[in-house]
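Text of model-v1.txt (compact mmCIF, C-alpha atoms and all ligand atoms) as supplied:
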# COMPACT_ATOMS: atom_id res chain seq x y z
CA MET A 1271 80.24 -60.64 25.80
CA PRO A 1272 81.42 -64.29 25.66
CA GLU A 1273 85.07 -65.36 25.47
CA LEU A 1274 86.51 -65.65 21.97
CA LYS A 1275 85.67 -69.30 21.32
CA GLU A 1276 82.10 -68.86 22.58
CA THR A 1277 81.34 -66.00 20.23
CA ARG A 1278 79.08 -66.68 17.28
CA GLY A 1279 81.72 -65.11 15.05
CA PHE A 1280 84.38 -67.62 16.05
CA GLN A 1281 81.99 -70.55 15.94
CA TYR A 1282 80.88 -69.53 12.47
CA LEU A 1283 84.50 -69.41 11.34
CA GLU A 1284 85.19 -72.82 12.87
CA ASN A 1285 82.07 -74.42 11.40
CA SER A 1286 82.94 -73.23 7.93
CA ARG A 1287 86.57 -74.37 7.99
CA PHE A 1288 87.78 -76.89 5.47
CA ASP A 1289 90.03 -79.68 6.65
CA ARG A 1290 91.40 -82.60 4.73
CA THR A 1291 89.03 -85.12 6.35
CA SER A 1292 85.72 -83.23 6.34
CA ILE A 1293 86.19 -82.06 2.76
CA GLN A 1294 85.89 -85.69 1.63
CA ASN A 1295 82.28 -85.84 2.87
CA LEU A 1296 81.26 -82.38 1.67
CA GLN A 1297 77.81 -82.39 0.12
CA ARG A 1298 76.04 -79.83 -2.02
CA PRO A 1299 73.73 -77.80 0.24
CA ALA A 1300 69.95 -78.05 -0.23
CA ILE A 1301 69.62 -74.30 -0.80
CA ALA A 1302 67.67 -73.15 -3.84
CA ARG A 1303 69.51 -70.99 -6.37
CA VAL A 1304 68.58 -67.44 -7.33
CA GLU A 1305 69.32 -65.32 -10.38
CA THR A 1306 72.72 -63.65 -10.79
CA PHE A 1307 71.35 -60.23 -11.71
CA LYS A 1308 68.85 -58.23 -9.71
CA ARG A 1309 66.40 -56.65 -12.12
CA TYR A 1310 64.02 -53.83 -11.29
CA SER A 1311 60.92 -53.37 -13.39
CA PRO A 1312 59.41 -50.92 -14.11
CA ILE A 1313 62.05 -48.36 -13.13
CA THR A 1314 63.88 -45.30 -14.44
CA SER A 1315 67.14 -46.55 -15.94
CA ILE A 1316 69.98 -44.06 -16.28
CA PRO A 1317 72.64 -45.10 -18.82
CA LEU A 1318 76.20 -44.49 -17.59
CA PRO A 1319 79.00 -42.95 -19.66
CA ARG A 1320 82.16 -44.91 -20.55
CA THR A 1321 84.43 -41.96 -21.24
CA TRP A 1322 87.57 -42.59 -19.17
CA SER A 1323 90.93 -43.54 -20.66
CA LEU A 1324 92.47 -46.90 -19.81
CA ASP A 1325 96.09 -45.91 -20.37
CA GLU A 1326 96.91 -45.17 -16.72
CA GLU A 1327 100.12 -46.70 -15.40
CA ARG A 1328 100.02 -45.15 -11.97
CA ILE A 1329 99.06 -48.20 -9.93
CA THR A 1330 101.97 -47.91 -7.48
CA LEU A 1331 101.16 -44.30 -6.72
CA LEU A 1332 97.46 -45.06 -6.44
CA LEU A 1333 98.12 -47.81 -3.90
CA GLN A 1334 100.66 -45.71 -2.03
CA ASN A 1335 98.42 -42.67 -1.81
CA ARG A 1336 95.18 -44.37 -0.86
CA ARG A 1337 94.15 -43.39 2.65
CA SER A 1338 90.75 -43.49 4.26
CA LEU A 1339 89.42 -40.02 3.56
CA ARG A 1340 86.80 -38.51 5.86
CA LYS A 1341 86.91 -34.84 4.72
CA TYR A 1342 85.66 -33.97 1.26
CA SER A 1343 85.50 -30.98 -1.05
CA LYS A 1344 81.99 -29.53 -1.39
CA GLU A 1345 82.33 -29.76 -5.19
CA PRO A 1346 80.04 -32.40 -6.67
CA LEU A 1347 81.49 -35.62 -8.08
CA ASN A 1348 81.49 -36.13 -11.87
CA LEU A 1349 79.10 -38.80 -13.11
CA GLU A 1350 82.01 -40.08 -15.26
CA HIS A 1351 84.13 -40.58 -12.14
CA LEU A 1352 81.32 -42.40 -10.38
CA ALA A 1353 80.80 -44.59 -13.45
CA PHE A 1354 84.52 -45.39 -13.47
CA MET A 1355 84.36 -46.51 -9.81
CA LEU A 1356 81.36 -48.72 -10.56
CA TRP A 1357 83.07 -50.25 -13.58
CA ALA A 1358 86.35 -50.78 -11.68
CA SER A 1359 84.52 -52.66 -8.92
CA GLN A 1360 81.66 -54.56 -10.54
CA GLY A 1361 81.83 -53.80 -14.28
CA ILE A 1362 81.66 -56.66 -16.77
CA THR A 1363 85.11 -57.15 -18.32
CA GLY A 1364 84.87 -60.54 -20.03
CA GLN A 1365 82.67 -63.41 -21.15
CA ALA A 1366 83.10 -67.18 -21.54
CA GLY A 1367 79.93 -68.89 -22.76
CA ASN A 1368 77.14 -67.81 -20.42
CA TYR A 1369 79.56 -66.54 -17.76
CA PHE A 1370 80.18 -62.84 -17.46
CA PHE A 1371 83.34 -61.93 -15.60
CA ARG A 1372 83.77 -58.72 -13.69
CA ALA A 1373 86.62 -56.35 -12.81
CA THR A 1374 86.78 -57.72 -9.25
CA PRO A 1375 87.14 -61.49 -8.70
CA SER A 1376 84.35 -63.54 -7.12
CA ALA A 1377 84.43 -67.09 -5.72
CA GLY A 1378 82.95 -69.40 -8.39
CA ALA A 1379 82.12 -66.32 -10.53
CA LEU A 1380 78.80 -66.16 -8.66
CA TYR A 1381 78.91 -62.44 -7.82
CA PRO A 1382 76.75 -62.49 -4.66
CA VAL A 1383 77.33 -58.79 -3.87
CA GLU A 1384 74.92 -56.09 -5.06
CA THR A 1385 75.91 -52.41 -5.17
CA TYR A 1386 73.60 -49.58 -4.12
CA LEU A 1387 74.40 -45.88 -3.96
CA SER A 1388 73.20 -43.11 -1.72
CA ALA A 1389 73.91 -40.21 -4.09
CA HIS A 1390 74.18 -36.84 -2.38
CA SER A 1391 76.17 -34.58 -4.69
CA ILE A 1392 76.78 -35.97 -8.19
CA GLU A 1393 76.77 -33.66 -11.22
CA GLY A 1394 73.92 -34.67 -13.53
CA LEU A 1395 72.39 -37.22 -11.16
CA ALA A 1396 69.50 -36.45 -8.81
CA ALA A 1397 70.25 -37.12 -5.14
CA GLY A 1398 68.66 -40.34 -3.93
CA LEU A 1399 69.11 -44.07 -3.68
CA TYR A 1400 70.18 -46.14 -6.67
CA HIS A 1401 70.88 -49.77 -7.48
CA PHE A 1402 73.75 -50.53 -9.88
CA ASP A 1403 72.42 -52.55 -12.82
CA VAL A 1404 75.59 -54.47 -13.70
CA GLU A 1405 74.09 -56.12 -16.76
CA HIS A 1406 73.24 -52.85 -18.52
CA PHE A 1407 75.86 -50.62 -16.87
CA ALA A 1408 73.15 -48.31 -15.59
CA LEU A 1409 71.65 -47.05 -12.36
CA ASP A 1410 68.14 -48.00 -11.23
CA ARG A 1411 66.65 -45.10 -9.31
CA LEU A 1412 64.95 -46.36 -6.13
CA THR A 1413 64.05 -42.94 -4.74
CA ASP A 1414 64.90 -39.34 -5.61
CA GLN A 1415 64.89 -38.27 -1.96
CA ASP A 1416 68.35 -37.46 -0.57
CA LYS A 1417 69.03 -40.11 2.09
CA ALA A 1418 72.54 -38.92 3.05
CA GLU A 1419 71.54 -37.97 6.63
CA GLU A 1420 69.62 -41.19 7.21
CA VAL A 1421 72.49 -43.27 5.87
CA ALA A 1422 74.96 -41.48 8.17
CA GLN A 1423 72.65 -42.02 11.16
CA ALA A 1424 72.35 -45.70 10.32
CA CYS A 1425 76.17 -45.81 10.23
CA LEU A 1426 76.38 -45.14 13.97
CA ASN A 1427 75.95 -41.39 13.38
CA GLN A 1428 79.36 -41.01 11.72
CA LYS A 1429 79.00 -37.41 10.54
CA PHE A 1430 81.50 -37.52 7.65
CA ILE A 1431 79.27 -40.02 5.86
CA SER A 1432 76.55 -37.40 5.34
CA GLN A 1433 79.13 -35.04 3.78
CA ALA A 1434 80.36 -37.49 1.14
CA ALA A 1435 79.24 -37.02 -2.46
CA VAL A 1436 78.15 -40.63 -2.57
CA VAL A 1437 77.97 -43.63 -0.26
CA PHE A 1438 78.38 -47.10 -1.73
CA LEU A 1439 76.25 -49.71 0.04
CA TRP A 1440 77.09 -53.36 -0.62
CA THR A 1441 74.67 -56.16 0.14
CA GLY A 1442 74.96 -59.94 -0.08
CA VAL A 1443 72.43 -62.15 -1.87
CA PHE A 1444 73.35 -65.19 0.22
CA ARG A 1445 71.83 -67.93 -1.92
CA ARG A 1446 74.03 -67.03 -4.87
CA ALA A 1447 77.13 -68.33 -3.10
CA MET A 1448 75.64 -70.52 -0.35
CA SER A 1449 73.57 -72.66 -2.72
CA LYS A 1450 76.93 -73.89 -4.03
CA TYR A 1451 79.28 -73.59 -1.07
CA GLY A 1452 77.03 -73.91 2.02
CA ASP A 1453 78.44 -72.36 5.23
CA ARG A 1454 81.75 -71.60 3.60
CA GLY A 1455 79.90 -69.52 1.04
CA MET A 1456 79.32 -66.90 3.74
CA ARG A 1457 83.08 -66.36 3.89
CA TYR A 1458 83.29 -65.94 0.14
CA ILE A 1459 80.53 -63.36 0.20
CA LEU A 1460 82.39 -61.31 2.82
CA LEU A 1461 85.68 -61.70 0.95
CA ASP A 1462 84.03 -60.56 -2.28
CA ALA A 1463 82.68 -57.46 -0.54
CA GLY A 1464 86.14 -56.57 0.77
CA GLN A 1465 87.69 -56.81 -2.67
CA ILE A 1466 84.95 -54.74 -4.24
CA CYS A 1467 85.46 -51.99 -1.69
CA GLN A 1468 89.21 -51.89 -2.30
CA SER A 1469 88.62 -51.60 -6.05
CA VAL A 1470 86.41 -48.57 -5.42
CA MET A 1471 89.02 -47.03 -3.11
CA ILE A 1472 91.76 -47.38 -5.77
CA ALA A 1473 89.51 -46.15 -8.57
CA ALA A 1474 88.58 -43.15 -6.40
CA GLU A 1475 92.27 -42.35 -5.92
CA ALA A 1476 92.75 -42.44 -9.72
CA VAL A 1477 90.22 -39.63 -10.20
CA ALA A 1478 91.39 -37.30 -7.37
CA CYS A 1479 88.76 -38.60 -4.98
CA GLY A 1480 89.00 -40.56 -1.79
CA GLY A 1481 86.80 -42.69 0.37
CA CYS A 1482 86.42 -44.45 3.67
CA PRO A 1483 85.29 -48.06 4.13
CA VAL A 1484 82.48 -48.33 6.67
CA GLY A 1485 81.74 -51.51 8.61
CA ALA A 1486 80.01 -49.85 11.56
CA PHE A 1487 76.28 -49.64 10.91
CA TYR A 1488 72.92 -50.79 12.21
CA ASP A 1489 72.17 -53.54 9.73
CA SER A 1490 68.39 -53.38 9.98
CA GLU A 1491 68.30 -49.61 9.41
CA LEU A 1492 70.30 -49.82 6.18
CA ASN A 1493 68.30 -52.86 5.06
CA GLN A 1494 65.11 -50.90 5.64
CA LEU A 1495 66.40 -47.93 3.63
CA LEU A 1496 67.25 -50.27 0.75
CA GLN A 1497 63.98 -52.18 1.19
CA ILE A 1498 65.69 -55.55 1.48
CA ASP A 1499 64.69 -58.22 3.99
CA GLY A 1500 67.97 -58.82 5.82
CA GLU A 1501 67.66 -62.57 5.26
CA GLU A 1502 67.72 -63.34 1.55
CA GLU A 1503 69.70 -60.12 1.04
CA SER A 1504 71.40 -58.03 3.70
CA ILE A 1505 73.83 -55.14 4.04
CA LEU A 1506 77.49 -56.19 4.38
CA TYR A 1507 79.67 -53.16 3.91
CA ALA A 1508 79.67 -49.51 2.86
CA ALA A 1509 82.06 -46.75 1.79
CA SER A 1510 81.78 -42.99 1.57
CA VAL A 1511 83.42 -41.27 -1.42
CA GLY A 1512 84.04 -37.63 -2.30
CA ARG A 1513 86.46 -35.31 -4.04
CA LYS A 1514 89.72 -34.62 -2.23
CA LEU A 1515 90.22 -31.21 -0.65
CA GLU A 1516 93.86 -31.29 -1.83
CA PRO A 1517 93.97 -33.44 -4.98
CA GLY A 1518 97.80 -33.40 -5.28
CA ILE A 1519 98.46 -34.91 -1.86
CA ASP A 1520 101.19 -37.57 -1.81
CA HIS A 1521 101.42 -39.87 1.21
CA ARG A 1522 104.83 -41.38 0.40
CA PRO A 1523 106.97 -41.61 3.58
C1 LIG B 1601 86.12 -53.65 7.31
C2 LIG B 1601 86.42 -52.19 7.58
C3 LIG B 1601 85.50 -51.41 8.25
C4 LIG B 1601 85.75 -50.06 8.51
N1 LIG B 1601 84.79 -49.31 9.12
C5 LIG B 1601 85.01 -47.99 9.34
C6 LIG B 1601 83.99 -47.17 9.91
O1 LIG B 1601 82.88 -47.61 10.19
N2 LIG B 1601 84.28 -45.86 10.13
C7 LIG B 1601 85.51 -45.31 9.81
O2 LIG B 1601 85.70 -44.12 10.03
N3 LIG B 1601 86.48 -46.06 9.24
C8 LIG B 1601 86.27 -47.38 8.99
N4 LIG B 1601 87.23 -48.14 8.37
C9 LIG B 1601 88.50 -47.50 7.94
C10 LIG B 1601 89.68 -47.88 8.83
O3 LIG B 1601 89.59 -47.17 10.05
C11 LIG B 1601 90.96 -47.57 8.09
O4 LIG B 1601 91.06 -48.39 6.95
C12 LIG B 1601 92.18 -47.78 8.95
O5 LIG B 1601 92.22 -46.83 9.97
C13 LIG B 1601 93.49 -47.71 8.15
O6 LIG B 1601 93.65 -46.44 7.58
P1 LIG B 1601 93.77 -46.22 6.00
O7 LIG B 1601 92.53 -46.81 5.36
O8 LIG B 1601 93.82 -44.72 5.82
O9 LIG B 1601 95.00 -46.89 5.49
C14 LIG B 1601 86.99 -49.49 8.10
C15 LIG B 1601 87.92 -50.28 7.41
C16 LIG B 1601 87.63 -51.60 7.12
C17 LIG B 1601 88.64 -52.40 6.32
Could I get this file's structure written as structure tokens?
Amino acid sequence: MPELKETRGFQYLENSRFDRTSIQNLQRPAIARVETFKRYSPITSIPLPRTWSLDEERITLLLQNRRSLRKYSKEPLNLEHLAFMLWASQGITGQAGNYFFRATPSAGALYPVETYLSAHSIEGLAAGLYHFDVEHFALDRLTDQDKAEEVAQACLNQKFISQAAVVFLWTGVFRRAMSKYGDRGMRYILLDAGQICQSVMIAAEAVACGGCPVGAFYDSELNQLLQIDGEEESILYAASVGRKLEPGIDHRP
């Protein structure tokens, strides 16, 4: 393993830094654009319910009580609760002209992150892999085979992941951000993914669930499961989510 400054990670960070001089000569990258929404066709499309109330004022408690949760109740998750988590993270919440804004911010409103689900135990939803269709607030079914074990294995065999009701899998469609921002766009993609995950964690807390962010995985194995190429689109981040064993738990010191 090389010393810090010789690592590709550090060099990437350095090469994508803005400074007052280099920013003057910044040019638009010669990277072709791609569409904002990923559309599957033909595919089974499952409409999602919008039945939650928006009158919650518990944000302090939600933030205080969020903890990475790695033990879950065996009870299946409600589809309504899953839909709430999807809306809270990537749901469309506004429009200005042709721009659709979402619940979680995104650099340049380019939304380079796609959401997939490995559903294991959701009431009213067959186990399998799904893609979140942001545009129509629906799930595209990719397979109805339960992939919970395979997902956990791809996540460095972390057992708790196979016991979660659902695993969120977030990918980056690099051209969406990099065709505008070049190297620096890679940072924005990673930052977007982090914010999306936190939104899911807080939304989970609001519905007596909990989750654990997961950054440890074999990239190519998850890419293969999702049937994405790892170049134009690649896995960035994941999170397991399930119902709490003790819903009333309060972590205040
Ligand atoms: C980028 C990132 C990657 C993570 N990856 C994993 C993981 O692969 N496995 C795991 O058990 N926890 C993972 N975690 C959870 C952290 O261990 C956890 O957030 C940390 O211990 C702080 O605890 P808290 O989330 O309960 O506050 C990850 C967290 C982040 C932010």
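Relative to atom CA of A:Tyr1282, atom CA of A:Leu1495 is found at 27.5 Å.
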- Task: Give the answer as one residue: which of A:Val1304, A:Ile1505, A:Ile1431, A:Ile1316 has the shortest atom-to-atom distance to ligand LIG 1601 (chain B), using all atoms listed in the file?
- Result: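 That would be A:Ile1431, the residue with the smallest distance to ligand LIG 1601 (chain B).
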- Message: So, with only C-alpha atoms and all ligand atoms as the atoms that count, which of A:Thr1441, A:Asn1368, A:Asn1493, A:Gln1428 lies closest to ligand LIG 1601 (chain B)?
- Response: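 When distances to ligand LIG 1601 (chain B) are compared using only C-alpha atoms and all ligand atoms, the smallest one comes from A:Gln1428.
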- Task: Could I get the residue neighbourhood of ligand LIG 1601 (chain B) at 10 Å, counting only C-alpha atoms and all ligand atoms, as a ChimeraX atom specification?
- Result: /A:1333-1340,1425-1431,1460,1463-1464,1467-1468,1471,1480-1487,1506-1510
Using only C-alpha atoms, what table do you get, as a Markdown table, when you list each residue of stretch 1290-1344 of chain A with an atom no more than 7 Å from stretch 1406-1424 of chain A, its nearest pair of atoms, and their distance in Å rounded to one decimal, rows by chain then rising number?
| residue | atom | partner | partner_atom | distance |
| --- | --- | --- | --- | --- |
| A:Ile1313 | CA | A:Asp1410 | CA | 6.4 |
| A:Thr1314 | CA | A:Arg1411 | CA | 5.8 |
| A:Ser1315 | CA | A:Asp1410 | CA | 5.0 |
| A:Ile1316 | CA | A:Leu1409 | CA | 5.2 |
| A:Pro1317 | CA | A:Ala1408 | CA | 4.6 |
| A:Leu1318 | CA | A:Ala1408 | CA | 5.3 |
- Proximity to A:Leu1399 - best of A:Ala1358, A:Leu1332, A:Leu1492, A:Ala1474, only C-alpha atoms: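 Comparing A:Ala1358, A:Leu1332, A:Leu1492, A:Ala1474 against A:Leu1399, the winner is A:Leu1492.
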- Message: One decimal, in Å: what's the spacing between atom CA of A:Tyr1458 and atom CA of A:Ala1377?
- Response: 6.1 Å
- Task: For a cut-off of 8 Å around (78.4, -72.3, 6.6), file coordinates, pick out all residues using all atoms listed in the file and list them as an MDAnalysis selection string.
- Result: chainID A and resid 1282 1285:1286 1448 1451:1456
Taking C-alpha atoms for each residue, export the selection above as a tab-separated table (two decimals), keeping the file's coordinate frame.
chain	number	residue	atom	x	y	z
A	1282	TYR	CA	80.88	-69.53	12.47
A	1285	ASN	CA	82.07	-74.42	11.40
A	1286	SER	CA	82.94	-73.23	7.93
A	1448	MET	CA	75.64	-70.52	-0.35
A	1451	TYR	CA	79.28	-73.59	-1.07
A	1452	GLY	CA	77.03	-73.91	2.02
A	1453	ASP	CA	78.44	-72.36	5.23
A	1454	ARG	CA	81.75	-71.60	3.60
A	1455	GLY	CA	79.90	-69.52	1.04
A	1456	MET	CA	79.32	-66.90	3.74
- Could you pull the residues within 12 Å of A:Thr1321, counting only C-alpha atoms, minus those fewer than 2 positions along the same chain, as a PyMOL selection string? chain A and resi 1318-1319+1323-1324+1348-1354+1357
- Task: Would you please work out which residue, of A:Ser1391, A:Ser1469, A:Asp1289, A:Tyr1400, is nearest to A:Ala1373 when using all atoms listed in the file?
- Result: A:Ser1469
